[in-house]
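Notes to accompany the following structure.
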Amino acid sequence: MNEFDANSENNVQKEPAATPATPFEEPELTAETEPQNEPQPQTEPVVGGNVYQPINPQYGGIPNMPQFDETYREKMSVRRLGNAVGFPVSMFIIASTVIILILQAVLLSIYGYIGTLEILNDPDMNYLISAGLSVFLLTVPYIFTVKMTNTKFRDLMPFKKISASLTVSLVMTGIGVCALSNYATSTFAMLLQEFFKIKVEGGMPDYGTDLKSFLLMLLCVGILPALLEEFALRGVVLGVLRKKFSDGAAVMISSILFALLHGNLQQIPFAFGVGLILGYATVYSGSMLPAIIIHGFNNSLQVVMSFATASMSPMVNTVISLLYFAVALLVGICGFIMLIKTDSKAFSLSKERSENTKKYFGWFCTSGWIIVFFALCALEVALAQGWIKISI
C-alpha cells in the first residue's frame, strides 16, 4: 500500500485523455446540444417548378412570395376603399326608400289613406321631405367613410385661399359646361325616344306657384344640394379616391357615382358632365368654393327659370332656353380662355399614381358595396322607366 507523499507527482489525479471521434461516430448528445423540436414552416411546391415556398397562414395558405403578398395587399386596400365609398352611396338609396316607407306607414295610421295622399301630393311637402333626407343621408354615412379610411376631415375638405380671378374663371367655365351638359342630356333623351322608343322620365318634380313655394324650392334645390352634395362627393368621396387614384381617375369615378345617385335617365348624363367640372375645379384650385358656387348658381338658376317661364307658351320657353344656352356657352368659353391664358397646362391634372389606374379601377368596381350600389342604381332606373313594376 503506497503512502501519501507531498512531494510526489503521482498524487495528482490525471483526467483520462479524450478519445478522438472517428469520422463515422456521432457525437454524444447532451441537454445543450440536443435538437429542439421547433415547428417547421409547411411548404408546398410552386406551380411550374420544384421550388418550395413557406405557406403564410395569414393569406389562407397561399405561398408567401413577396411579390404576391404586395399585390394581395394592394388589392385588399383598393377594395376596402371601394367599400368605404360604396357604403354611403348605397345607403342613400336604401335608407331613403326605407324611411319613406316608414313615413307613409305612420301617416296612414294617423291621417288615413285620403289624408296621406293629400300630404304626399303637396309639392312643398315633397321638397321638405327630400331636403330632410338629403341633410341626413349626405352627412351621417359619409362620416363613417372618413372613419373607415382613417382620414381627417380637414384633409378632405380643401378650402385653400385662391385668387378672385381664378375663382371667376373657374365659375365661368363651369357655367358653360353645365349648359353643354344640359344640351347633351336633351339630345340624349331625344335619341333614346326616337330610335329606341324609350321615353326618358325624370327631372324637376311639380312645385307650387306662390312666393313661399319659390323660396322653399330655392332652399331645397338651389342651396342645400350645393352644400351637401359638394361635402359628400367633392369632399369625402373625391378626397378619399385621390389617396389611391390619380387626380383624373378620381374625378372621373366621383363623377360616375354622382351621376348614378340621381337615379333617372334624364339627370344621369347631365350630372356626369357637371360632376366632371365640379371635380376638376376642386382639384385644380385646391378649394371646394368654386364647385359650391357653380353648383349653387346652376341649380338656383333652374329654379328661377322654372318659376319665370311657368305661365309662358312652349314656344317662348324654347326661345328662352336657346338664348340662355348661347349666353352660358359664351361665358364658358371666356372662362376657358382666361384659365388657359393664366396657365397653359390648366387642364393637365397630376398623373401621380396613374400607372395602376386600370388595375385599381377593376378592383374598385368589384368591391362588395360598389356592386350593391350598381345593382340598386339599375333597379332604380328600371322602376323609374316602368320596366319593372313592384306593387305593395
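Note on naming: chains are A, B, ... as they come in the C-alpha cells, residues start from 1 per chain, ligands start from 1 in the order shown.
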Which stretch 145-252 of chain A residues have any atom within 6 Å of an atom of stretch 331-343 of chain A, and for each, what is the nearest pair of atoms with distance in Å to one decimal, counting only C-alpha atoms, rows sorted by chain and number, as a tab-separated table?
```
residue	atom	partner	partner_atom	distance
A:Ser169	CA	A:Gly335	CA	4.4
A:Met172	CA	A:Gly335	CA	4.8
A:Thr173	CA	A:Gly332	CA	4.1
A:Ile175	CA	A:Gly332	CA	5.8
A:Gly176	CA	A:Gly332	CA	3.7
```
* Just the residues within 12 Å of A:Asn298, please, counting only C-alpha atoms, with nothing from its chain fewer than 3 positions along; format it as a VMD selection string. => chain A and resid 171 to 172 174 to 179 181 to 182 218 221 to 223 225 to 226 270 to 271 274 278 291 to 295 301 to 305 324 328
* Enter the distance from atom CA of A:Lys199 to atom CA of A:Gln267, in Å, rounded to one decimal. =>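 Between atom CA of A:Lys199 and atom CA of A:Gln267 the gap is 13.3 Å.
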* Hey, which of A:Phe144, A:Phe258, A:Phe188, A:Phe153 ends up closest to A:Cys377? Count only C-alpha atoms. ->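 Nearest candidate to A:Cys377 out of A:Phe144, A:Phe258, A:Phe188, A:Phe153: A:Phe258.
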* To do: Name the closest residue to A:Ile143 among the candidates A:Leu330, A:Ala189, A:Leu349, A:Ala84; distances are taken between atoms, counting only C-alpha atoms.
  =>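 Checking each of A:Leu330, A:Ala189, A:Leu349, A:Ala84 against A:Ile143, counting only C-alpha atoms, the winner is A:Ala84.
Compared by their closest atoms to A:Ile370, and using only C-alpha atoms, the residues A:Leu120, A:Ala250, A:Met91, A:Leu108 rank with A:Met91 nearest.
Across the model, the gap from atom CA of A:Gln104 to atom CA of A:Trp369 is 27.6 Å.
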* Can you work out the spacing between atom CA of A:Gly239 and atom CA of A:Pro158 in Å, to one decimal? =>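 According to the coordinates, atom CA of A:Gly239 and atom CA of A:Pro158 are separated by 8.8 Å.
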* Within stretch 104-293 of chain A, find each residue whose DSSP state, derived from the backbone, is helix (DSSP H, G or I), and express the selection as an MDAnalysis selection string. => chainID A and resid 104:120 123:137 140:148 153:156 164:195 211:241 247:261 268:285 289:293
* **Minimum-distance residue to A:Leu138, chosen among A:Ser90, A:Thr97, A:Val168, A:Val106 (using only C-alpha atoms)** =>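 For A:Leu138, the nearest of the candidates is A:Ser90.
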* Of the listed residues A:Phe325, A:Tyr284, A:Tyr142, A:Tyr127, that which approaches A:Ala184 most closely, counting only C-alpha atoms -> A:Phe325
* What lies within 8 Å of A:Val251 using only C-alpha atoms, ignoring chain neighbours under 2 positions off, as a list in words? ->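 Listing them by chain and then by number gives Leu238, Asp247, Gly248, Ala249, Ile253, Ser254, Ser255, Gly275, Leu276, Gly279 and Tyr280 of chain A.
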* Might you pull out every residue within 12 Å of A:Leu322, with only C-alpha atoms counted and same-chain residues fewer than 5 positions away left off, and present them as a ChimeraX atom specification? => /A:179-180,182-183,315-317,327-329
